[in-house]
Amino acid sequence: MIRIDELYSHTFWPWIRDHRPGTRMFFCDPFGHTGPEHLYNFGDDTETERQYVFMHDQEPIQISAHRALFDDVVIRNLDMSWHWQGAVPGTVVVSEQGECVNELESIYGWQSKYYFFHGWACLDWYRGYDRTFLFPAPTERSAPCRTFMSPNRIIGGERDHRVLFVYHIVRHGLEHNYVSAPRVCPVEHTDVVTVGKYYCNRYADITQVLEQAQLPWLFRDEPTQQMTSCWLGNFAEAMDSLIYVPTETVYFGRRTHITEKTFKAIALGMPFVLVAAAGSLEYLRSYGFQTFHDVLDESYDEEIDDFRRLERVADLLASIDACSQREREQIWRHTLPRVEHNWNHFYRGGFETLLWPELVNMLHAF
């Protein structure tokens with residue numbers, strides 16, 4: 001298993017230094033920070049440096065929000081341009097696929113390389129939770145009473161699909177489930193009603209519905225929506241919920257970017273319905289995980305209209321919420337074999353055996 005906090009110093013840099021001499025490696029530290037002031041690099045003064053690798057694997061590609069960072073990578077390598085009498089060849093390592101990667105390549109002339117960073121991060125962050133007594137294994141649980149849980153914290157900027165999710169929750173009368181959401185985004189400092197105004201052409205009543213939502217919504221014993229990316233929590237809500245609904249970081253557009261939000265469902269041993277970009281379930285299946293099409297209508301994952309996909313997710317949750325307790329127990333029993341598979345695939349090494357050759361092959365493609 002990779003120690004994710006030592007990923008650049010102990011995994012990537014030793015390989016690049018030994019196999020691609022004359023290459024600088026850039027990365028952001030600490031994790032999650034994307035300002036130019038957080039950009040660091042490794043290099044070798046004993047070699048003539050002719051190329052560079054930029055590790056943009058932690059965060060999704062947001063061209064406008066990350067423009068200063070991307071520009072600074074170019075600026076910091078201008079001293080190598082005399083070797084080539086022109087632009088310095090650069091490689092950007094990403095953990096997403098799709099249209100934003102293509103746009104980044106087009107703007108900066110970089111060649112992209114992909115590996116599943118968040119898969120490695122979650123293997124490290126959630127290791128050992130299967131050996132605790134914080135929550136029972138999937139086979140040891142009784143059927144839960146609530147339909148779903150869905151934690152939400154940042155609801156502005158590139159994540160305003162979460163405001164739309166709250167809107168649909170209220171319209172369907174699903175607030176009695178475990179859903180957390182702030183009234184004001186703790187990062188963007190934007191009120192949900194202000195965000196909702198951007199979507200009035202699609203949903204005429206959105207601002208009124210959001211006003212009536214009586215936000216913030218909090219989980220029990222939480223003074224505010226908590227930031228818990230690198231550890232599991234909310235065990236009581238999880239054990240009392242049939243389905244985990246991650247609202248992923250990336251939602252809009254033709255792209256794929258799965259994070260720890262989805263892996264929390266797997267590590268907690270729960271079936272899931274994703275509020276994510278189209279094709280995200282297929283992406284998970286490509287890494288050996290199983291989804292729940294034999295029990296739940298997962299055709300929403302094929303819907304490329306972003307608004308319609310979220311509407312279909314809300315319709316699915318509402319239909320399950322309308323089930324009797326007996327029907328809920330049947331859903332739980334029928335999803336259990338796939339939940340067990342995902343739990344074992346994550347905790348017993350199957351997932352890692354897919355990730356490691358992917359990472360090594362990516363390095364050899366530099």
# chains A, B, ... in the order shown; residues from 1 in each chain; ligands from 1
>>> residues_around(residues="stretch 246-258 of chain A", least_positions_apart="6", cutoff="9 Å", atoms="only C-alpha atoms", output="number ranges by chain")
A: 60, 95-101, 116, 118-119, 149-152, 158-159, 161-162, 165, 264-265, 272-280, 283-284, 304-307
>>> residues_around(residues="A:Tyr300", least_positions_apart="2", cutoff="6 Å", atoms="only C-alpha atoms", output="list in words")
Glu298, Glu302, Glu303, Arg309 and Arg312 of chain A
>>> select_by_dssp(residues="stretch 54-230 of chain A", states="strand (DSSP E)", output="VMD selection string")
chain A and resid 54 to 56 90 to 94 97 to 98 111 to 114 146 to 150 178 to 179
>>> write_last_selection(atoms="C-alpha atoms", output="CSV table (one decimal), in the first residue's frame")
chain,number,residue,atom,x,y,z
A,54,PHE,CA,3.4,18.3,-13.1
A,55,MET,CA,1.4,16.2,-10.6
A,56,HIS,CA,-2.1,17.6,-10.7
A,90,GLY,CA,5.7,19.1,-20.1
A,91,THR,CA,3.7,16.2,-18.8
A,92,VAL,CA,0.7,16.7,-16.5
A,93,VAL,CA,-0.4,13.8,-14.4
A,94,VAL,CA,-4.2,13.8,-13.6
A,97,GLN,CA,-10.7,11.7,-17.7
A,98,GLY,CA,-12.7,13.7,-20.2
A,111,GLN,CA,0.7,15.7,-22.5
A,112,SER,CA,-1.6,14.1,-19.9
A,113,LYS,CA,-1.0,10.8,-18.0
A,114,TYR,CA,-3.7,9.3,-15.9
A,146,ARG,CA,-34.0,5.5,6.8
A,147,THR,CA,-33.7,5.5,3.0
A,148,PHE,CA,-30.4,7.3,2.6
A,149,MET,CA,-27.7,9.5,4.0
A,150,SER,CA,-25.9,12.2,2.2
A,178,TYR,CA,-30.0,12.0,6.9
A,179,VAL,CA,-28.9,14.9,4.8
>>> select_by_dssp(residues="stretch 100-250 of chain A", states="helix (DSSP H, G or I)", output="PyMOL selection string")
chain A and resi 100-108+117-125+129-131+138-140+157-159+161-171+192-199+206-212+235-239
>>> residues_around(residues="A:Ala143", least_positions_apart="6", cutoff="10 Å", atoms="only C-alpha atoms", output="ChimeraX atom specification")
/A:239-242,325-326,328-333
>>> closest_residue(among="A:Ala68, A:Leu296, A:Cys28, A:Leu123", to="A:Leu317", atoms="only C-alpha atoms")
A:Leu296
